[in-house]
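Dumped my_file14.cif below, it's mmCIF, C-alpha atoms and all ligand atoms:
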data_work
#
loop_
_atom_site.group_PDB
_atom_site.id
_atom_site.type_symbol
_atom_site.label_atom_id
_atom_site.label_comp_id
_atom_site.auth_asym_id
_atom_site.auth_seq_id
_atom_site.Cartn_x
_atom_site.Cartn_y
_atom_site.Cartn_z
ATOM 1 C CA MET F 27 -12.649 -2.532 14.752
ATOM 2 C CA SER F 28 -15.531 -1.490 12.538
ATOM 3 C CA ALA F 29 -18.633 -3.643 12.273
ATOM 4 C CA ASN F 30 -17.613 -4.627 8.766
ATOM 5 C CA GLY F 31 -14.164 -5.822 9.794
ATOM 6 C CA PRO F 32 -10.900 -4.161 8.839
ATOM 7 C CA ARG F 33 -10.354 -2.580 5.482
ATOM 8 C CA ILE F 34 -7.402 -4.300 3.836
ATOM 9 C CA ILE F 35 -5.969 -2.202 1.042
ATOM 10 C CA ALA F 36 -2.855 -2.924 -1.026
ATOM 11 C CA VAL F 37 -1.002 0.021 -2.572
ATOM 12 C CA SER F 38 0.945 -1.057 -5.602
ATOM 13 C CA SER F 39 2.439 0.183 -8.859
ATOM 14 C CA GLY F 40 3.944 -1.094 -12.058
ATOM 15 C CA LYS F 41 7.018 1.112 -11.799
ATOM 16 C CA GLY F 42 8.980 2.085 -8.692
ATOM 17 C CA GLY F 43 9.394 5.662 -7.539
ATOM 18 C CA VAL F 44 5.851 6.751 -8.407
ATOM 19 C CA GLY F 45 4.845 7.700 -4.847
ATOM 20 C CA LYS F 46 3.391 4.530 -3.279
ATOM 21 C CA THR F 47 5.172 4.949 0.016
ATOM 22 C CA ASN F 48 4.426 8.645 0.245
ATOM 23 C CA PHE F 49 0.744 7.981 -0.494
ATOM 24 C CA THR F 50 0.518 5.062 1.950
ATOM 25 C CA ALA F 51 2.161 7.019 4.775
ATOM 26 C CA ASN F 52 -0.048 10.067 4.313
ATOM 27 C CA LEU F 53 -3.205 7.989 3.916
ATOM 28 C CA ALA F 54 -2.317 6.237 7.171
ATOM 29 C CA LEU F 55 -1.893 9.608 8.893
ATOM 30 C CA PHE F 56 -5.251 10.759 7.551
ATOM 31 C CA TYR F 57 -7.023 7.676 8.932
ATOM 32 C CA ALA F 58 -5.158 7.926 12.229
ATOM 33 C CA SER F 59 -6.302 11.552 12.496
ATOM 34 C CA LEU F 60 -9.882 10.202 12.285
ATOM 35 C CA ASN F 61 -9.063 7.975 15.268
ATOM 36 C CA LYS F 62 -8.856 4.819 13.201
ATOM 37 C CA LYS F 63 -6.398 2.165 14.290
ATOM 38 C CA VAL F 64 -4.017 1.765 11.385
ATOM 39 C CA LEU F 65 -1.547 -0.997 10.572
ATOM 40 C CA ILE F 66 0.932 -0.652 7.707
ATOM 41 C CA LEU F 67 2.768 -3.618 6.271
ATOM 42 C CA ASP F 68 5.910 -2.199 4.745
ATOM 43 C CA ALA F 69 6.835 -4.653 2.023
ATOM 44 C CA ASP F 70 8.341 -2.211 -0.484
ATOM 45 C CA LEU F 71 11.938 -3.003 -1.301
ATOM 46 C CA GLY F 72 12.473 0.590 -2.478
ATOM 47 C CA LEU F 73 14.894 3.015 -0.893
ATOM 48 C CA SER F 74 12.782 5.470 1.014
ATOM 49 C CA ASN F 75 10.451 3.377 3.120
ATOM 50 C CA ILE F 76 7.655 4.084 5.561
ATOM 51 C CA ASP F 77 10.109 4.118 8.459
ATOM 52 C CA VAL F 78 12.194 6.816 6.769
ATOM 53 C CA LEU F 79 9.113 8.986 6.211
ATOM 54 C CA PHE F 80 8.066 8.604 9.830
ATOM 55 C CA GLY F 81 11.559 8.944 11.216
ATOM 56 C CA ILE F 82 11.635 5.619 12.959
ATOM 57 C CA ALA F 83 14.263 2.925 12.707
ATOM 58 C CA PRO F 84 12.894 -0.574 13.182
ATOM 59 C CA LYS F 85 15.551 -2.825 14.676
ATOM 60 C CA TYR F 86 13.993 -6.029 13.474
ATOM 61 C CA ASN F 87 11.828 -7.146 10.607
ATOM 62 C CA LEU F 88 9.935 -10.084 9.225
ATOM 63 C CA LYS F 89 13.185 -11.875 8.516
ATOM 64 C CA HIS F 90 13.857 -12.173 12.256
ATOM 65 C CA VAL F 91 10.423 -13.726 12.735
ATOM 66 C CA LEU F 92 11.080 -16.199 9.937
ATOM 67 C CA LEU F 93 14.416 -17.086 11.499
ATOM 68 C CA GLY F 94 12.600 -17.734 14.766
ATOM 69 C CA GLU F 95 14.572 -15.021 16.552
ATOM 70 C CA LYS F 96 11.711 -12.618 17.231
ATOM 71 C CA LYS F 97 7.975 -12.576 17.684
ATOM 72 C CA ILE F 98 5.714 -10.321 15.666
ATOM 73 C CA LYS F 99 5.105 -8.137 18.702
ATOM 74 C CA ASP F 100 8.883 -7.572 18.919
ATOM 75 C CA ILE F 101 9.258 -6.385 15.337
ATOM 76 C CA ILE F 102 6.317 -3.976 15.104
ATOM 77 C CA VAL F 103 7.048 -0.304 15.673
ATOM 78 C CA THR F 104 4.763 2.596 16.470
ATOM 79 C CA GLY F 105 4.846 5.693 14.277
ATOM 80 C CA PRO F 106 3.124 9.075 14.599
ATOM 81 C CA LEU F 107 -0.500 9.135 15.873
ATOM 82 C CA GLY F 108 -0.125 5.551 17.041
ATOM 83 C CA ILE F 109 0.183 4.073 13.550
ATOM 84 C CA THR F 110 1.567 0.534 13.782
ATOM 85 C CA ILE F 111 4.164 -0.570 11.269
ATOM 86 C CA LEU F 112 5.045 -4.155 10.480
ATOM 87 C CA PRO F 113 8.460 -3.964 8.785
ATOM 88 C CA ALA F 114 8.626 -6.639 6.122
ATOM 89 C CA SER F 115 10.765 -5.298 3.309
ATOM 90 C CA SER F 116 13.516 -7.567 4.582
ATOM 91 C CA GLY F 117 12.276 -11.120 4.754
ATOM 92 C CA ILE F 118 9.801 -10.950 1.891
ATOM 93 C CA ARG F 119 12.194 -12.594 -0.572
ATOM 94 C CA GLU F 120 12.915 -15.384 1.906
ATOM 95 C CA LEU F 121 9.235 -16.352 1.932
ATOM 96 C CA THR F 122 9.708 -18.451 -1.175
ATOM 97 C CA LYS F 123 12.259 -20.660 0.606
ATOM 98 C CA LEU F 124 10.364 -21.409 3.810
ATOM 99 C CA THR F 125 10.591 -24.896 5.241
ATOM 100 C CA ASP F 126 7.487 -26.523 6.715
ATOM 101 C CA GLY F 127 8.848 -25.739 10.176
ATOM 102 C CA HIS F 128 9.169 -22.048 9.317
ATOM 103 C CA ARG F 129 5.693 -22.057 7.900
ATOM 104 C CA LEU F 130 4.147 -23.516 11.026
ATOM 105 C CA LYS F 131 6.065 -21.048 13.149
ATOM 106 C CA LEU F 132 4.812 -18.115 11.115
ATOM 107 C CA VAL F 133 1.223 -19.358 11.294
ATOM 108 C CA SER F 134 1.315 -19.635 15.071
ATOM 109 C CA GLU F 135 3.021 -16.229 15.308
ATOM 110 C CA LEU F 136 0.263 -14.676 13.237
ATOM 111 C CA ASP F 137 -2.425 -16.357 15.306
ATOM 112 C CA ASP F 138 -0.937 -14.940 18.498
ATOM 113 C CA PHE F 139 -0.756 -11.349 17.279
ATOM 114 C CA ASP F 140 -3.658 -9.095 18.212
ATOM 115 C CA MET F 141 -4.883 -7.579 14.957
ATOM 116 C CA ALA F 142 -7.624 -5.260 16.168
ATOM 117 C CA PHE F 143 -7.135 -2.634 13.472
ATOM 118 C CA ASP F 144 -9.640 -0.638 11.446
ATOM 119 C CA VAL F 145 -7.466 -0.097 8.412
ATOM 120 C CA PHE F 146 -4.626 -2.227 7.119
ATOM 121 C CA LEU F 147 -2.491 -0.711 4.360
ATOM 122 C CA ILE F 148 0.115 -2.718 2.476
ATOM 123 C CA ASP F 149 2.907 -0.899 0.674
ATOM 124 C CA THR F 150 3.587 -3.776 -1.692
ATOM 125 C CA GLY F 151 6.536 -2.684 -3.780
ATOM 126 C CA ALA F 152 6.461 -2.295 -7.562
ATOM 127 C CA GLY F 153 6.177 -4.606 -10.507
ATOM 128 C CA ILE F 154 4.834 -8.059 -11.193
ATOM 129 C CA SER F 155 6.942 -10.168 -8.861
ATOM 130 C CA ASP F 156 5.109 -12.913 -6.978
ATOM 131 C CA ASN F 157 5.246 -11.005 -3.706
ATOM 132 C CA VAL F 158 3.499 -7.963 -5.097
ATOM 133 C CA LEU F 159 0.879 -10.084 -6.841
ATOM 134 C CA PHE F 160 0.135 -12.191 -3.765
ATOM 135 C CA PHE F 161 -0.343 -9.138 -1.583
ATOM 136 C CA CYS F 162 -2.640 -7.519 -4.123
ATOM 137 C CA SER F 163 -4.732 -10.590 -4.743
ATOM 138 C CA ALA F 164 -5.151 -11.323 -1.018
ATOM 139 C CA ALA F 165 -6.239 -7.754 -0.185
ATOM 140 C CA GLN F 166 -9.844 -6.577 -0.374
ATOM 141 C CA GLU F 167 -8.790 -4.027 -2.902
ATOM 142 C CA THR F 168 -5.731 -2.843 -4.730
ATOM 143 C CA ILE F 169 -4.844 0.720 -5.543
ATOM 144 C CA VAL F 170 -2.451 1.040 -8.457
ATOM 145 C CA VAL F 171 -0.460 4.267 -8.253
ATOM 146 C CA VAL F 172 0.407 5.717 -11.649
ATOM 147 C CA THR F 173 2.138 8.921 -12.745
ATOM 148 C CA PRO F 174 1.526 10.598 -16.115
ATOM 149 C CA GLU F 175 4.838 9.339 -17.591
ATOM 150 C CA PRO F 176 4.413 6.837 -20.449
ATOM 151 C CA THR F 177 6.687 4.271 -18.738
ATOM 152 C CA SER F 178 4.592 4.419 -15.584
ATOM 153 C CA ILE F 179 1.398 3.928 -17.586
ATOM 154 C CA ALA F 180 2.878 1.009 -19.539
ATOM 155 C CA ASP F 181 4.126 -0.698 -16.361
ATOM 156 C CA ALA F 182 0.802 -0.112 -14.603
ATOM 157 C CA TYR F 183 -0.939 -1.764 -17.522
ATOM 158 C CA ALA F 184 1.386 -4.778 -17.234
ATOM 159 C CA LEU F 185 0.495 -5.116 -13.538
ATOM 160 C CA ILE F 186 -3.236 -4.704 -14.150
ATOM 161 C CA LYS F 187 -3.061 -7.300 -16.913
ATOM 162 C CA VAL F 188 -1.473 -9.962 -14.694
ATOM 163 C CA LEU F 189 -3.797 -9.184 -11.768
ATOM 164 C CA SER F 190 -6.901 -9.476 -13.884
ATOM 165 C CA ARG F 191 -5.845 -12.347 -16.152
ATOM 166 C CA ASP F 192 -3.983 -14.572 -13.666
ATOM 167 C CA PHE F 193 -5.580 -13.588 -10.362
ATOM 168 C CA GLY F 194 -9.139 -12.853 -11.430
ATOM 169 C CA GLU F 195 -9.082 -9.314 -10.023
ATOM 170 C CA LYS F 196 -12.131 -7.488 -11.286
ATOM 171 C CA ASN F 197 -11.996 -4.314 -9.228
ATOM 172 C CA LEU F 198 -8.874 -2.233 -9.408
ATOM 173 C CA ARG F 199 -8.535 1.364 -8.373
ATOM 174 C CA ILE F 200 -6.228 3.824 -10.022
ATOM 175 C CA MET F 201 -4.636 6.751 -8.198
ATOM 176 C CA ILE F 202 -2.776 9.234 -10.353
ATOM 177 C CA ASN F 203 0.170 10.832 -8.595
ATOM 178 C CA THR F 204 2.182 13.955 -9.410
ATOM 179 C CA ALA F 205 -0.364 15.198 -11.908
ATOM 180 C CA ARG F 206 -0.022 18.854 -12.851
ATOM 181 C CA SER F 207 -3.753 19.314 -13.325
ATOM 182 C CA GLU F 208 -7.037 17.455 -12.934
ATOM 183 C CA LYS F 209 -7.115 17.170 -16.708
ATOM 184 C CA GLU F 210 -3.652 15.603 -16.912
ATOM 185 C CA ALA F 211 -4.680 13.133 -14.194
ATOM 186 C CA PHE F 212 -7.890 12.147 -15.908
ATOM 187 C CA ASP F 213 -6.201 11.880 -19.322
ATOM 188 C CA THR F 214 -3.672 9.515 -17.751
ATOM 189 C CA PHE F 215 -6.443 7.440 -16.219
ATOM 190 C CA ARG F 216 -8.305 7.364 -19.518
ATOM 191 C CA LYS F 217 -5.307 6.005 -21.418
ATOM 192 C CA LEU F 218 -5.207 3.090 -19.004
ATOM 193 C CA ALA F 219 -8.966 2.631 -18.907
ATOM 194 C CA ILE F 220 -9.192 2.409 -22.692
ATOM 195 C CA VAL F 221 -6.569 -0.335 -23.032
ATOM 196 C CA ALA F 222 -7.891 -2.208 -19.980
ATOM 197 C CA ASP F 223 -11.350 -2.203 -21.495
ATOM 198 C CA LYS F 224 -10.222 -3.074 -25.007
ATOM 199 C CA PHE F 225 -7.646 -5.789 -24.289
ATOM 200 C CA LEU F 226 -8.675 -7.117 -20.871
ATOM 201 C CA ASN F 227 -12.382 -6.422 -20.922
ATOM 202 C CA LEU F 228 -11.804 -4.826 -17.536
ATOM 203 C CA SER F 229 -13.364 -1.699 -16.136
ATOM 204 C CA ILE F 230 -11.000 0.129 -13.773
ATOM 205 C CA ASP F 231 -12.011 2.691 -11.187
ATOM 206 C CA TYR F 232 -10.704 6.262 -10.974
ATOM 207 C CA LEU F 233 -9.917 6.882 -7.325
ATOM 208 C CA GLY F 234 -8.582 10.400 -7.794
ATOM 209 C CA PHE F 235 -5.278 12.218 -8.084
ATOM 210 C CA LEU F 236 -2.620 13.916 -6.037
ATOM 211 C CA PRO F 237 -0.904 16.975 -7.435
ATOM 212 C CA PHE F 238 2.833 17.353 -7.835
ATOM 213 C CA GLU F 239 3.812 19.016 -4.567
ATOM 214 C CA PRO F 240 7.459 20.087 -4.219
ATOM 215 C CA HIS F 241 7.173 20.356 -0.414
ATOM 216 C CA VAL F 242 6.488 16.633 -0.056
ATOM 217 C CA LYS F 243 10.262 16.265 0.256
ATOM 218 C CA ASP F 244 10.421 18.776 3.164
ATOM 219 C CA ALA F 245 8.081 16.530 5.094
ATOM 220 C CA ILE F 246 10.412 13.598 4.550
ATOM 221 C CA ILE F 247 13.368 15.637 5.791
ATOM 222 C CA ALA F 248 11.319 16.716 8.828
ATOM 223 C CA GLN F 249 10.219 13.065 9.177
ATOM 224 C CA LYS F 250 6.546 13.870 9.405
ATOM 225 C CA GLY F 251 3.814 13.144 6.940
ATOM 226 C CA TYR F 252 3.213 15.917 4.476
ATOM 227 C CA ILE F 253 -0.458 16.292 5.469
ATOM 228 C CA ALA F 254 0.530 16.907 9.085
ATOM 229 C CA MET F 255 2.857 19.747 8.035
ATOM 230 C CA TYR F 256 0.616 21.329 5.417
ATOM 231 C CA PRO F 257 -2.967 20.672 6.547
ATOM 232 C CA ASN F 258 -4.520 23.290 4.234
ATOM 233 C CA SER F 259 -2.702 22.513 0.989
ATOM 234 C CA ALA F 260 -4.319 21.252 -2.201
ATOM 235 C CA PHE F 261 -2.446 17.955 -1.786
ATOM 236 C CA THR F 262 -3.870 17.423 1.703
ATOM 237 C CA LYS F 263 -7.409 18.205 0.540
ATOM 238 C CA LYS F 264 -7.132 15.755 -2.340
ATOM 239 C CA LEU F 265 -5.696 13.116 -0.036
ATOM 240 C CA ALA F 266 -8.573 13.540 2.420
ATOM 241 C CA HIS F 267 -11.023 13.247 -0.450
ATOM 242 C CA ILE F 268 -9.407 9.999 -1.594
ATOM 243 C CA GLY F 269 -9.273 8.669 1.972
ATOM 244 C CA LYS F 270 -12.975 9.323 2.557
ATOM 245 C CA LYS F 271 -13.967 7.873 -0.781
ATOM 246 C CA LEU F 272 -12.073 4.674 0.027
ATOM 247 C CA LEU F 273 -13.721 4.367 3.441
ATOM 248 C CA ASP F 274 -17.221 5.092 2.212
ATOM 249 C CA ASN F 275 -17.190 2.967 -0.938
ATOM 250 C CA PRO F 276 -15.516 -0.395 -0.500
ATOM 251 C CA LEU F 277 -15.171 -1.995 -3.924
ATOM 252 C CA ASN F 278 -15.217 -5.591 -2.770
ATOM 253 C CA GLU F 279 -16.748 -7.697 -0.058
ATOM 254 C CA VAL F 280 -14.700 -7.969 3.098
ATOM 255 C CA LYS F 281 -12.535 -11.029 2.582
ATOM 256 C CA GLY F 282 -11.820 -11.784 6.236
ATOM 257 C CA THR F 283 -9.468 -10.964 9.032
ATOM 258 C CA ILE F 284 -5.954 -9.577 8.870
ATOM 259 C CA GLN F 285 -4.621 -12.979 9.958
ATOM 260 C CA PHE F 286 -6.463 -14.611 7.088
ATOM 261 C CA PHE F 287 -5.024 -12.046 4.690
ATOM 262 C CA LEU F 288 -1.467 -12.453 5.946
ATOM 263 C CA LYS F 289 -1.559 -16.228 5.773
ATOM 264 C CA LYS F 290 -2.876 -16.082 2.260
ATOM 265 C CA ALA F 291 -0.438 -13.388 1.125
ATOM 266 C CA LEU F 292 2.549 -15.014 2.823
ATOM 267 C CA ARG F 293 1.451 -18.399 1.479
ATOM 268 C CA VAL F 294 1.380 -20.080 4.849
ATOM 269 C CA GLY F 295 -2.378 -20.489 5.104
HETATM 270 N N1 LIG Z 1 2.721 14.115 -5.130
HETATM 271 C C1 LIG Z 1 4.066 14.252 -5.084
HETATM 272 N N2 LIG Z 1 4.654 15.451 -5.386
HETATM 273 C C2 LIG Z 1 6.015 15.570 -5.387
HETATM 274 N N3 LIG Z 1 6.865 14.582 -5.079
HETATM 275 C C3 LIG Z 1 6.340 13.366 -4.774
HETATM 276 C C4 LIG Z 1 4.926 13.144 -4.753
HETATM 277 N N4 LIG Z 1 4.707 11.835 -4.415
HETATM 278 C C5 LIG Z 1 5.933 11.289 -4.219
HETATM 279 N N5 LIG Z 1 6.908 12.204 -4.430
HETATM 280 C C6 LIG Z 1 8.374 11.978 -4.356
HETATM 281 O O1 LIG Z 1 8.715 10.994 -5.315
HETATM 282 C C7 LIG Z 1 9.738 10.135 -4.817
HETATM 283 C C8 LIG Z 1 9.256 8.687 -4.862
HETATM 284 O O2 LIG Z 1 8.177 8.526 -3.941
HETATM 285 P P1 LIG Z 1 7.975 7.165 -3.125
HETATM 286 O O3 LIG Z 1 6.758 7.322 -2.309
HETATM 287 O O4 LIG Z 1 9.230 6.798 -2.411
HETATM 288 O O5 LIG Z 1 7.736 6.169 -4.349
HETATM 289 P P2 LIG Z 1 7.587 4.561 -4.358
HETATM 290 O O6 LIG Z 1 7.241 4.117 -2.996
HETATM 291 O O7 LIG Z 1 6.510 4.301 -5.363
HETATM 292 O O8 LIG Z 1 8.922 4.026 -4.825
HETATM 293 C C9 LIG Z 1 10.046 10.621 -3.397
HETATM 294 O O9 LIG Z 1 11.178 11.445 -3.461
HETATM 295 C C10 LIG Z 1 8.809 11.407 -3.020
HETATM 296 O O10 LIG Z 1 9.104 12.434 -2.105
HETATM 297 MG MG MG Z 2 8.372 2.985 -1.692
#
Could you write out this file's structure as structure tokens?
Ligand SMILES: Nc1ncnc2c1ncn2[C@@H]1O[C@H](COP(=O)(O)OP(=O)(O)O)[C@@H](O)[C@H]1O
Ligand SMILES: [Mg+2]
Amino acid sequence: MSANGPRIIAVSSGKGGVGKTNFTANLALFYASLNKKVLILDADLGLSNIDVLFGIAPKYNLKHVLLGEKKIKDIIVTGPLGITILPASSGIRELTKLTDGHRLKLVSELDDFDMAFDVFLIDTGAGISDNVLFFCSAAQETIVVVTPEPTSIADAYALIKVLSRDFGEKNLRIMINTARSEKEAFDTFRKLAIVADKFLNLSIDYLGFLPFEPHVKDAIIAQKGYIAMYPNSAFTKKLAHIGKKLLDNPLNEVKGTIQFFLKKALRVG
């Protein structure tokens, strides 16, 4: 673990299908290729999840831990380059109905799990449901993935608004996905930045963009990350740039350990 503790980064979006999971998986591969120990919490309820991209099939998930049937060490799976995945897309909805007994169980489970990771990425799912908001507000920083479509921009704004107004988030990063040019990406960012400044008095940060890359789908079929299959592509170079920028310039103070994060985000702390 780095001297500054783990980096805990939530990847979110207003609208589904904008590329959160693809970005999270490839960012994880990039960090793993730098010999960082990476943990991904897969909390996206979307169709094509981290496990599909990595070609792994977790047998159990957070739900089994909540039901007391499994321990966290039994549900985690290892992906390419030793990336650890905590499958949580099933079980997240149940978190609102936990009894005190369940809560205590989850706390002791979390305390027992060895969390010596350098980078912790959370694929939160889309929208402004409580789960998404709790993950984002508990993380050190949140990346909002946006595409140039007007609906994606409008939904990203809705998410940013709730995070800043109701959760006091001051530092949000914007990653533009499937942009056809640097200009289109920056224009998209600017549309958001202008309304965030005007109506929320919030300054958002431009993390960068990933181009539209038709071969991203091939990587999913081959069940590898795109950057592993196409190491010299423009997409891979942009992703590496974003990954380094994130590592070198944390936006917020380290908020604590992964256990602390999980208890806060899962509301069992
Ligand atoms: N930069 C990109 N270029 C081309 N296709 C992309 C790109 N990013 C994501 N996709 C595709 O868009 C679809 C949605 O991506 P996904 O990561 O599953 O979105 P989300 O997790 O936000 O729902 C997938 O089919 C994925 O392969
Ligand atoms: Mg997804």
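Near ligand LIG 1 (chain Z), at a distance of at most 6 Å and with all atoms listed in the file counted, sit the residues Gly42, Gly43, Val44, Gly45, Lys46, Thr47, Asn48, Gly72, Ser74, Asn203, Thr204, Leu236, Pro237, Phe238, Glu239, Pro240, Val242 and Lys243 of chain F.
Distance check against Lys131 of chain F using all atoms listed in the file: of F:Ile118, F:Val145, F:Ile253, F:Ile98, the minimum falls on F:Ile98.
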Enclosing box along x, y and z for every listed atom of segment 83-101 of chain F, padded 6 Å each side, centre and size in Å, one decimal, as lines of an AutoDock Vina configuration file:
center_x = 10.3
center_y = -7.4
center_z = 13.7
size_x = 22.4
size_y = 32.7
size_z = 22.4
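Using all atoms listed in the file, the shortest contact distance between ligand MG 2 (chain Z) and any of F:Pro106, F:Gly81, F:Pro32, F:Gly151 is found at F:Gly151.
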**Request:** Just the residues within 10 Å of Glu135 of chain F, please, counting only C-alpha atoms, with nothing from its chain fewer than 4 positions along; format it as an NGL selection string.
**Result:** :F and (91-92 or 94 or 96-99 or 129-131 or 139 or 285)
Taken to one decimal, the atom CA of Phe143 of chain F-atom CA of Leu55 of chain F distance is 14.1 Å
Separating atom CA of Asn278 of chain F from atom CA of Ser229 of chain F, to the nearest tenth of an Å, is a gap of 14.0 Å
Atom CA of Ile247 of chain F to atom CA of Ala51 of chain F measures 14.2 Å
Query raised in the report: What do you get, as a PyMOL selection string, if you spell out every residue that the PyMOL selection byres (((chain F and resi 157) around 9) and not hetatm) selects here?
Result: chain F and resi 69+118-119+121+150-151+154-156+158-162+291-292
When the PyMOL selection byres (((chain F and resi 255) around 12) and not hetatm) is applied to the structure above, which residues does it catch, written out as a PyMOL selection string?
chain F and resi 52+55+241-254+256-259+261-262
**Message:** At a cut-off of 12 Å, using all atoms listed in the file, what residues contact Val188 of chain F? Leave out same-chain residues fewer than 2 positions from it and give the result as a PyMOL selection string.
**Reply:** chain F and resi 40+153-156+158-160+162-163+181-186+190-196+198+222+226+228
Using all atoms listed in the file: which of F:Lys217, F:Arg206, F:Arg33, F:Lys41 has the shortest distance to ligand MG 2 (chain Z):
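Looking at the shortest contact to ligand MG 2 (chain Z), the residue is F:Lys41.
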Closest of F:His128, F:Ile76, F:Lys62, F:Lys123 to ligand MG 2 (chain Z), counting only C-alpha atoms and all ligand atoms, is F:Ile76
If you count only C-alpha atoms and all ligand atoms, the residue of F:Leu93, F:Leu53, F:Val78, F:Ile169 closest to ligand MG 2 (chain Z) turns out to be F:Val78
| Do you know which residues are at most 12 Å from Leu60 of chain F counting all atoms listed in the file, after dropping those on the same chain fewer than 4 positions away, and could you put them as number ranges by chain? | F: 53-56, 64, 107-109, 144-145, 266, 269-270, 273
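Within 7 Å of the point (2.1, 6.2, -12.1) in file coordinates, and counting only C-alpha atoms, lie the residues Ser39, Val44, Val171, Val172, Thr173, Pro174, Glu175, Ser178, Ile179, Ala182, Ile202 and Asn203 of chain F.
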If you count only C-alpha atoms, which residues fall within 7 Å of Ser116 of chain F, apart from same-chain ones fewer than 4 positions away, as a VMD selection string? chain F and resid 87 to 89
Restricting to all atoms listed in the file, whichever of F:Thr177, F:Thr110, F:Thr104, F:Ser115 is closest to ligand MG 2 (chain Z) is F:Ser115
Can you write segment 67-84 of chain F from the block above with N, CA and C atoms, as an mmCIF file, in the first residue's frame?
data_model
loop_
_atom_site.group_PDB
_atom_site.id
_atom_site.type_symbol
_atom_site.label_atom_id
_atom_site.label_comp_id
_atom_site.auth_asym_id
_atom_site.auth_seq_id
_atom_site.Cartn_x
_atom_site.Cartn_y
_atom_site.Cartn_z
ATOM 1 N N LEU F 67 -14.829 -2.777 -6.831
ATOM 2 C CA LEU F 67 -16.157 -3.120 -6.326
ATOM 3 C C LEU F 67 -17.116 -2.952 -7.490
ATOM 4 N N ASP F 68 -17.716 -4.062 -7.887
ATOM 5 C CA ASP F 68 -18.630 -4.021 -9.026
ATOM 6 C C ASP F 68 -20.045 -3.855 -8.500
ATOM 7 N N ALA F 69 -20.515 -2.614 -8.504
ATOM 8 C CA ALA F 69 -21.846 -2.341 -7.965
ATOM 9 C C ALA F 69 -22.801 -1.846 -9.047
ATOM 10 N N ASP F 70 -22.389 -1.964 -10.309
ATOM 11 C CA ASP F 70 -23.243 -1.518 -11.413
ATOM 12 C C ASP F 70 -24.295 -2.588 -11.678
ATOM 13 N N LEU F 71 -25.540 -2.141 -11.767
ATOM 14 C CA LEU F 71 -26.609 -3.107 -12.032
ATOM 15 C C LEU F 71 -26.826 -3.285 -13.536
ATOM 16 N N GLY F 72 -25.960 -2.685 -14.340
ATOM 17 C CA GLY F 72 -26.085 -2.774 -15.799
ATOM 18 C C GLY F 72 -25.841 -4.192 -16.306
ATOM 19 N N LEU F 73 -25.939 -4.338 -17.611
ATOM 20 C CA LEU F 73 -25.900 -5.688 -18.193
ATOM 21 C C LEU F 73 -24.498 -6.259 -18.297
ATOM 22 N N SER F 74 -23.599 -5.458 -18.868
ATOM 23 C CA SER F 74 -22.281 -5.989 -19.162
ATOM 24 C C SER F 74 -21.312 -5.560 -18.062
ATOM 25 N N ASN F 75 -21.127 -6.407 -17.079
ATOM 26 C CA ASN F 75 -20.362 -6.004 -15.912
ATOM 27 C C ASN F 75 -18.891 -6.356 -16.019
ATOM 28 N N ILE F 76 -18.154 -5.933 -14.989
ATOM 29 C CA ILE F 76 -16.716 -6.169 -14.934
ATOM 30 C C ILE F 76 -16.393 -7.640 -15.212
ATOM 31 N N ASP F 77 -17.165 -8.533 -14.603
ATOM 32 C CA ASP F 77 -16.868 -9.960 -14.766
ATOM 33 C C ASP F 77 -17.005 -10.392 -16.222
ATOM 34 N N VAL F 78 -17.952 -9.807 -16.939
ATOM 35 C CA VAL F 78 -18.122 -10.150 -18.354
ATOM 36 C C VAL F 78 -16.902 -9.679 -19.149
ATOM 37 N N LEU F 79 -16.451 -8.452 -18.857
ATOM 38 C CA LEU F 79 -15.284 -7.916 -19.569
ATOM 39 C C LEU F 79 -14.041 -8.761 -19.313
ATOM 40 N N PHE F 80 -13.909 -9.255 -18.097
ATOM 41 C CA PHE F 80 -12.715 -10.024 -17.754
ATOM 42 C C PHE F 80 -12.896 -11.523 -17.968
ATOM 43 N N GLY F 81 -14.089 -11.917 -18.380
ATOM 44 C CA GLY F 81 -14.308 -13.324 -18.655
ATOM 45 C C GLY F 81 -14.277 -14.207 -17.419
ATOM 46 N N ILE F 82 -14.783 -13.681 -16.338
ATOM 47 C CA ILE F 82 -14.843 -14.498 -15.129
ATOM 48 C C ILE F 82 -16.304 -14.573 -14.694
ATOM 49 N N ALA F 83 -16.634 -15.612 -13.978
ATOM 50 C CA ALA F 83 -18.026 -15.786 -13.568
ATOM 51 C C ALA F 83 -18.087 -15.988 -12.065
ATOM 52 N N PRO F 84 -18.235 -14.903 -11.315
ATOM 53 C CA PRO F 84 -18.297 -15.057 -9.861
ATOM 54 C C PRO F 84 -19.496 -15.916 -9.473
#
